[in-house]
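Structure data (mmCIF, C-alpha atoms and all ligand atoms) from entry_22.cif:
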data_my_file
loop_
_atom_site.label_atom_id
_atom_site.label_comp_id
_atom_site.auth_asym_id
_atom_site.auth_seq_id
_atom_site.Cartn_x
_atom_site.Cartn_y
_atom_site.Cartn_z
CA MET A 278 -17.35 -0.16 -7.83
CA SER A 279 -18.64 1.74 -4.82
CA ASP A 280 -20.46 -0.16 -2.12
CA GLU A 281 -24.18 0.32 -1.72
CA GLY A 282 -23.81 1.66 1.79
CA LYS A 283 -21.40 4.22 3.14
CA SER A 284 -17.77 3.40 2.78
CA ILE A 285 -14.45 4.89 3.79
CA LEU A 286 -11.03 4.25 2.34
CA LEU A 287 -7.90 3.97 4.44
CA TYR A 288 -5.67 6.17 2.36
CA SER A 289 -1.91 6.70 2.44
CA ALA A 290 -1.17 8.06 -1.06
CA GLY A 291 0.63 4.84 -1.86
CA LEU A 292 0.90 2.92 -5.10
CA ASP A 293 -2.14 0.87 -3.99
CA SER A 294 -4.41 3.27 -2.14
CA PHE A 295 -4.25 6.09 -4.71
CA PRO A 296 -5.44 3.79 -7.57
CA ALA A 297 -7.95 2.26 -5.10
CA TRP A 298 -9.56 5.65 -4.58
CA HIS A 299 -10.20 5.84 -8.34
CA TYR A 300 -11.18 2.18 -8.61
CA LEU A 301 -13.76 2.50 -5.83
CA GLY A 302 -15.45 5.52 -7.36
CA LYS A 303 -13.74 8.20 -5.23
CA PRO A 304 -15.06 7.42 -1.73
CA PRO A 305 -14.31 9.55 1.35
CA ALA A 306 -10.86 8.76 2.66
CA VAL A 307 -9.07 8.90 5.97
CA TYR A 308 -5.39 9.04 6.75
CA PHE A 309 -4.34 8.09 10.26
CA ASP A 310 -1.31 10.10 11.29
CA ILE A 311 0.04 7.65 13.85
CA ARG A 312 3.41 9.44 14.12
CA HIS A 313 5.46 6.71 12.48
CA HIS A 314 8.98 7.52 11.36
CA PHE A 315 8.17 8.50 7.76
CA ARG A 316 4.97 10.39 8.51
CA GLU A 317 6.24 13.75 7.26
CA ALA A 318 7.02 12.51 3.76
CA GLU A 319 3.82 10.44 3.68
CA LEU A 320 1.62 13.25 4.94
CA GLU A 321 3.01 15.62 2.34
CA CYS A 322 2.05 13.17 -0.44
CA VAL A 323 -1.32 12.45 1.13
CA ARG A 324 -2.19 16.16 1.30
CA GLU A 325 -0.80 17.02 -2.12
CA LEU A 326 -2.64 14.31 -4.06
CA ALA A 327 -5.83 14.91 -2.06
CA GLU A 328 -5.72 18.58 -3.02
CA ARG A 329 -4.92 17.84 -6.66
CA TYR A 330 -7.82 15.41 -6.98
CA GLY A 331 -10.31 16.93 -4.55
CA ILE A 332 -10.26 13.83 -2.37
CA ASP A 333 -12.71 14.09 0.54
CA LEU A 334 -9.96 13.45 3.07
CA THR A 335 -9.84 13.43 6.84
CA VAL A 336 -6.44 13.46 8.51
CA SER A 337 -6.87 11.97 11.95
CA THR A 338 -4.39 12.47 14.78
CA ALA A 339 -6.45 10.34 17.16
CA LEU A 340 -3.64 7.92 17.83
CA ASP A 341 0.06 8.37 18.51
CA LEU A 342 1.79 5.02 18.05
CA SER A 343 5.32 6.39 17.77
CA ALA A 344 6.37 4.41 20.85
CA TRP A 345 5.62 1.19 18.93
CA ASP A 346 7.44 2.10 15.73
CA THR A 347 9.57 -0.98 15.24
CA ARG A 348 10.85 -0.19 11.78
CA PRO A 349 9.87 -0.64 9.09
CA LEU A 350 6.24 -0.81 10.26
CA ILE A 351 4.11 -0.54 13.36
CA PRO A 352 2.85 -4.04 14.20
CA PHE A 353 -0.88 -4.68 13.78
CA ARG A 354 -1.44 -1.14 12.53
CA ASN A 355 -4.31 -2.26 10.30
CA ILE A 356 -6.27 -3.40 13.35
CA TYR A 357 -5.91 0.04 14.92
CA PHE A 358 -6.91 1.63 11.60
CA ALA A 359 -10.01 -0.52 11.23
CA MET A 360 -11.11 0.21 14.80
CA LEU A 361 -10.65 3.95 14.34
CA ALA A 362 -12.32 3.93 10.91
CA SER A 363 -15.39 2.26 12.40
CA ASN A 364 -16.08 5.58 14.16
CA TYR A 365 -16.84 7.19 10.80
CA GLU A 366 -20.14 5.30 10.51
CA ALA A 367 -19.15 3.54 7.31
CA ASP A 368 -20.55 0.10 6.53
CA THR A 369 -17.46 -0.82 4.54
CA ILE A 370 -13.93 0.03 5.54
CA TRP A 371 -11.64 -0.33 2.54
CA CYS A 372 -8.14 -1.28 3.60
CA VAL A 373 -5.99 -2.02 0.60
CA GLY A 374 -4.43 -5.45 0.52
CA VAL A 375 -3.32 -7.09 -2.70
CA ARG A 376 -3.27 -10.62 -4.05
CA GLY A 377 -0.93 -12.76 -2.01
CA ASP A 378 -0.75 -10.45 1.03
CA HIS A 379 -0.64 -12.67 4.04
CA THR A 380 0.69 -10.65 6.97
CA LEU A 381 -1.05 -11.19 10.29
CA ASP A 382 -3.14 -8.04 10.05
CA LYS A 383 -3.60 -7.94 6.27
CA SER A 384 -5.20 -10.94 4.59
CA PRO A 385 -8.76 -11.90 3.61
CA ASP A 386 -8.97 -14.01 6.75
CA ALA A 387 -7.66 -11.24 9.03
CA PHE A 388 -10.16 -8.78 7.54
CA ALA A 389 -13.04 -11.27 7.98
CA ARG A 390 -12.13 -11.61 11.65
CA MET A 391 -11.86 -7.84 12.10
CA SER A 392 -15.28 -7.45 10.45
CA GLU A 393 -16.79 -9.92 12.88
CA VAL A 394 -15.34 -8.27 15.97
CA LEU A 395 -16.13 -4.71 14.87
CA SER A 396 -19.70 -5.63 13.92
CA GLU A 397 -20.23 -7.25 17.28
CA PHE A 398 -18.86 -4.33 19.26
CA ALA A 399 -20.51 -1.62 17.14
CA GLY A 400 -23.86 -3.41 17.08
CA ARG A 401 -24.17 -3.00 13.30
CA PRO A 402 -22.67 -4.77 10.30
CA ILE A 403 -19.19 -3.47 9.44
CA LYS A 404 -17.10 -4.99 6.71
CA VAL A 405 -13.34 -4.57 6.41
CA ASP A 406 -12.38 -5.42 2.87
CA SER A 407 -9.92 -4.78 0.05
CA PRO A 408 -10.93 -4.13 -3.57
CA PHE A 409 -7.71 -5.73 -4.76
CA TRP A 410 -7.57 -9.25 -3.29
CA ASP A 411 -7.49 -10.64 -6.85
CA MET A 412 -4.91 -8.19 -8.18
CA THR A 413 -1.17 -7.90 -7.73
CA LYS A 414 0.52 -4.51 -7.56
CA THR A 415 1.48 -4.99 -11.19
CA ASP A 416 -2.21 -5.60 -12.03
CA ILE A 417 -3.23 -2.50 -10.10
CA VAL A 418 -0.75 -0.30 -11.99
CA ARG A 419 -1.95 -1.86 -15.27
CA TRP A 420 -5.56 -1.09 -14.37
CA TYR A 421 -4.62 2.50 -13.51
CA VAL A 422 -2.78 3.05 -16.79
CA GLU A 423 -5.47 1.39 -18.88
CA ALA A 424 -8.10 3.56 -17.20
CA GLY A 425 -6.28 6.50 -18.78
CA LEU A 426 -5.22 8.01 -15.46
CA PRO A 427 -2.03 10.09 -15.46
CA VAL A 428 1.19 8.18 -14.83
CA ARG A 429 2.78 11.39 -13.54
CA ASP A 430 0.38 11.39 -10.59
CA LEU A 431 0.98 7.70 -9.93
CA LEU A 432 4.69 8.51 -9.64
CA ASP A 433 3.78 11.19 -7.09
CA THR A 434 2.59 8.47 -4.71
CA LEU A 435 4.87 7.28 -1.93
CA SER A 436 5.83 3.69 -1.21
CA CYS A 437 9.05 3.65 0.74
CA PHE A 438 9.79 2.83 4.37
CA GLU A 439 12.79 5.17 4.54
CA PRO A 440 12.09 8.10 2.23
CA SER A 441 14.50 11.00 2.33
CA GLY A 442 13.24 14.46 1.67
CA ARG A 443 10.39 15.04 -0.64
CA ARG A 444 9.21 11.70 -2.05
CA VAL A 445 12.71 10.40 -2.61
CA HIS A 446 12.39 6.62 -2.66
CA CYS A 447 15.39 4.92 -1.07
CA GLY A 448 15.52 1.91 -3.41
CA ARG A 449 16.76 -0.06 -0.42
CA CYS A 450 13.60 -1.32 1.27
CA SER A 451 11.03 -4.00 0.52
CA SER A 452 8.38 -1.40 -0.25
CA CYS A 453 10.62 0.24 -2.88
CA LEU A 454 11.37 -3.17 -4.37
CA ARG A 455 7.66 -3.99 -4.74
CA ARG A 456 6.99 -0.54 -6.19
CA TRP A 457 9.78 -0.95 -8.72
CA ILE A 458 8.53 -4.41 -9.78
CA ALA A 459 4.98 -3.14 -10.37
CA LEU A 460 6.20 -0.13 -12.36
CA ALA A 461 8.86 -1.99 -14.36
CA ASN A 462 6.35 -4.65 -15.44
CA ASN A 463 4.21 -1.84 -16.82
CA GLN A 464 7.12 -0.20 -18.67
CA ILE A 465 7.14 2.75 -16.27
CA THR A 466 10.43 4.10 -14.99
CA GLY A 467 10.19 5.04 -11.34
CA GLU A 468 12.66 7.30 -9.57
CA PHE A 469 14.77 5.82 -6.81
CA ALA A 470 17.82 7.15 -4.97
CA ALA A 471 19.48 3.81 -5.76
CA ASN A 472 18.43 1.09 -8.20
CA PRO A 473 16.20 -1.37 -6.32
CA TRP A 474 17.40 -4.33 -8.39
CA GLU A 475 20.95 -3.62 -7.19
CA TRP A 476 19.91 -3.70 -3.53
CA GLU A 477 22.11 -6.16 -1.66
CA ARG A 478 19.03 -8.05 -0.36
CA VAL A 479 18.03 -8.97 -3.91
CA GLN A 480 21.16 -11.09 -4.23
CA SER A 481 21.46 -12.23 -0.62
CA TYR A 482 17.79 -13.05 -0.03
CA TYR A 483 15.14 -12.40 -2.67
CA LEU A 484 16.61 -14.42 -5.54
CA ARG A 485 16.61 -17.53 -3.39
CA ALA A 486 13.34 -16.82 -1.57
CA MET A 487 11.52 -16.19 -4.84
CA ARG A 488 12.66 -19.59 -6.07
CA ASP A 489 12.09 -21.69 -2.97
CA GLY A 490 8.40 -20.94 -2.48
CA THR A 491 8.74 -18.41 0.35
CA TYR A 492 6.62 -16.12 -1.82
CA PRO A 493 3.57 -17.02 -3.91
CA GLU A 494 4.33 -18.05 -7.48
CA HIS A 495 2.81 -14.94 -9.04
CA ARG A 496 5.05 -12.73 -6.86
CA ALA A 497 8.08 -14.68 -8.05
CA GLU A 498 7.05 -14.44 -11.71
CA GLU A 499 6.64 -10.69 -11.46
CA PHE A 500 9.95 -10.36 -9.62
CA PHE A 501 11.88 -12.22 -12.32
CA ALA A 502 10.01 -10.46 -15.13
CA ALA A 503 11.00 -7.09 -13.65
CA LEU A 504 14.66 -8.14 -13.32
CA LYS A 505 14.63 -9.08 -16.98
CA THR A 506 13.51 -5.58 -17.99
CA VAL A 507 16.82 -4.18 -16.70
CA GLY A 508 18.97 -7.14 -17.70
CA ALA A 509 19.77 -7.91 -14.06
CA PRO A 510 21.19 -11.35 -13.26
CA THR A 511 18.58 -13.90 -12.21
ZN ZN B 1 12.45 2.59 0.14
#

Spit out the file's structure as structure tokens when you get a sec.
Ligand SMILES: [Zn+2]
Amino acid sequence: MSDEGKSILLYSAGLDSFPAWHYLGKPPAVYFDIRHHFREAELECVRELAERYGIDLTVSTALDLSAWDTRPLIPFRNIYFAMLASNYEADTIWCVGVRGDHTLDKSPDAFARMSEVLSEFAGRPIKVDSPFWDMTKTDIVRWYVEAGLPVRDLLDTLSCFEPSGRRVHCGRCSSCLRRWIALANNQITGEFAANPWEWERVQSYYLRAMRDGTYPEHRAEEFFAALKTVGAPT
């Protein structure tokens, strides 16, 4: 899976980027510590899994974006990441987006535009890409499990916007909800401080939005399939 030239993976020890590191043939990785509000919990996971797996990891403190931390996420952070990553002389910058991602700074089109601008400014070809544009989070977890990789370590990843303490997933944020869906559809029980399917937003927003086309069809199918696994009302 690794690119022919040098590549670097933007790594955050999440449910996507940890499998991506395996999927891509264990490339060098970089974590940008931009001082966002859950950096301590994230950094702990990043360091722990890197140590456990011997990930060739750089933790960069080049940029402090704490002033722009409009929760849950820092706007356009992937553009900052791609710009910083271009300093590592890689031809390919792997930034993990999944099938159906369409935020302003994370989509195939956004990455194509970043590639164009970075290549022009660096004076050499640079490609920003994701290995998972054709896979949903559920697909990624399935790939990971079928590759025989340990589920225990997958559960040691972090995907929560408001984690408390050591890797405690809140179960009350969109990141937790997506994590739960991907795990539940692979018959894996994740740990959450509160059951994600009982989050108030599921009833007040997601049930309707998943039906009315706000989200791509495959996202909706996986959402309802996960709800079924716990007998939640749909
Ligand atoms: Zn959460």

Just how far from CA of Val336 (chain A) is CA of Phe353 (chain A), in Å to one decimal? 19.7 Å

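In this structure, CA of Trp476 (chain A) sits 24.3 Å away from CA of Ala290 (chain A).
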
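Nearest to Phe500 (chain A) of all the residues A:Asn472, A:Asn462, A:Thr434, A:Ser407 is A:Asn462, counting all atoms listed in the file.
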
Contact residues around Arg312 (chain A) with all atoms listed in the file at 8 Å, ignoring same-chain residues under 6 positions, as a PyMOL selection string: chain A and resi 341-343

Would you list the residues that come within 7 Å of ligand ZN 1 (chain B)? Count all atoms listed in the file and give the answer as a PDB file with C-alpha atoms, keeping the file's coordinate frame.
ATOM      1  CA  SER A 436       5.830   3.690  -1.210  1.00  0.00           C
ATOM      2  CA  CYS A 437       9.050   3.650   0.740  1.00  0.00           C
ATOM      3  CA  PHE A 438       9.790   2.830   4.370  1.00  0.00           C
ATOM      4  CA  GLU A 439      12.790   5.170   4.540  1.00  0.00           C
ATOM      5  CA  PRO A 440      12.090   8.100   2.230  1.00  0.00           C
ATOM      6  CA  HIS A 446      12.390   6.620  -2.660  1.00  0.00           C
ATOM      7  CA  CYS A 447      15.390   4.920  -1.070  1.00  0.00           C
ATOM      8  CA  GLY A 448      15.520   1.910  -3.410  1.00  0.00           C
ATOM      9  CA  ARG A 449      16.760  -0.060  -0.420  1.00  0.00           C
ATOM     10  CA  CYS A 450      13.600  -1.320   1.270  1.00  0.00           C
ATOM     11  CA  SER A 451      11.030  -4.000   0.520  1.00  0.00           C
ATOM     12  CA  SER A 452       8.380  -1.400  -0.250  1.00  0.00           C
ATOM     13  CA  CYS A 453      10.620   0.240  -2.880  1.00  0.00           C
TER      14      CYS A 453
END

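If you measure from each of A:Pro349, A:Ala459, A:Phe315, A:Ile285 to Asp333 (chain A) using all atoms listed in the file, the closest one turns out to be A:Ile285.
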
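Between CA of Leu320 (chain A) and CA of Ala344 (chain A) there is a distance of 18.8 Å.
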
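Nearest-residue note for Leu431 (chain A): choosing from A:Met360, A:Ala297, A:Leu395, A:Ala367, the minimum distance belongs to A:Ala297, counting all atoms listed in the file.
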
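Using only C-alpha atoms, the shortest contact distance between Pro352 (chain A) and any of A:Ser337, A:Asn364, A:Ser392, A:Thr380 is found at A:Thr380.
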
Which residues come within 12 Å of Glu423 (chain A), counting all atoms listed in the file, excluding same-chain residues fewer than 5 positions away, as a ChimeraX atom specification? /A:296,300,416-418,428,463

So which residues touch Tyr492 (chain A) within 12 Å, counting all atoms listed in the file, skipping near sequence neighbours fewer than 3 positions away, as a list in words? Arg376, Gly377, Asp378, His379, Thr380, Tyr482, Tyr483, Leu484, Arg485, Ala486, Met487, Arg488, Asp489, His495, Arg496, Ala497, Glu498, Glu499 and Phe500 of chain A

If we count all atoms listed in the file and set the cut-off at 12 Å, which residues sit around Leu460 (chain A), ignoring sequence neighbours fewer than 4 positions away in its own chain? Please answer as a VMD selection string. chain A and resid 292 to 293 413 to 422 428 431 to 432 436 453 to 456 464 to 469 473 499 to 500 502 to 504 506

For Val375 (chain A), find every residue with an atom within 6 Å (counting only C-alpha atoms), except residues of its own chain fewer than 6 positions away, and show them as a PyMOL selection string. chain A and resi 409-410+412-413

If you count all atoms listed in the file, the residue of A:Ile403, A:Val445, A:Ala327, A:Leu340 closest to Arg354 (chain A) turns out to be A:Leu340

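Of the listed residues (A:Trp345, A:His299, A:Glu477, A:Pro385), A:His299 comes nearest to Gly425 (chain A); the distances count all atoms listed in the file.
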
Axis-aligned box over every listed atom of region 311-319 of chain A, padded by 3 Å per side: centre and edges in Å to one decimal, as lines of an AutoDock Vina configuration file?
center_x = 4.5
center_y = 10.2
center_z = 8.9
size_x = 14.9
size_y = 13.0
size_z = 16.4

Around (-19.4, 4.3, 10.2) in the file's own coordinates, what residues are found within 10 Å if you use all atoms listed in the file, given back as a list in words? Gly282, Lys283, Ser284, Ile285, Leu361, Ala362, Ser363, Asn364, Tyr365, Glu366, Ala367, Asp368, Thr369, Ile370, Ala399, Arg401, Pro402 and Ile403 of chain A
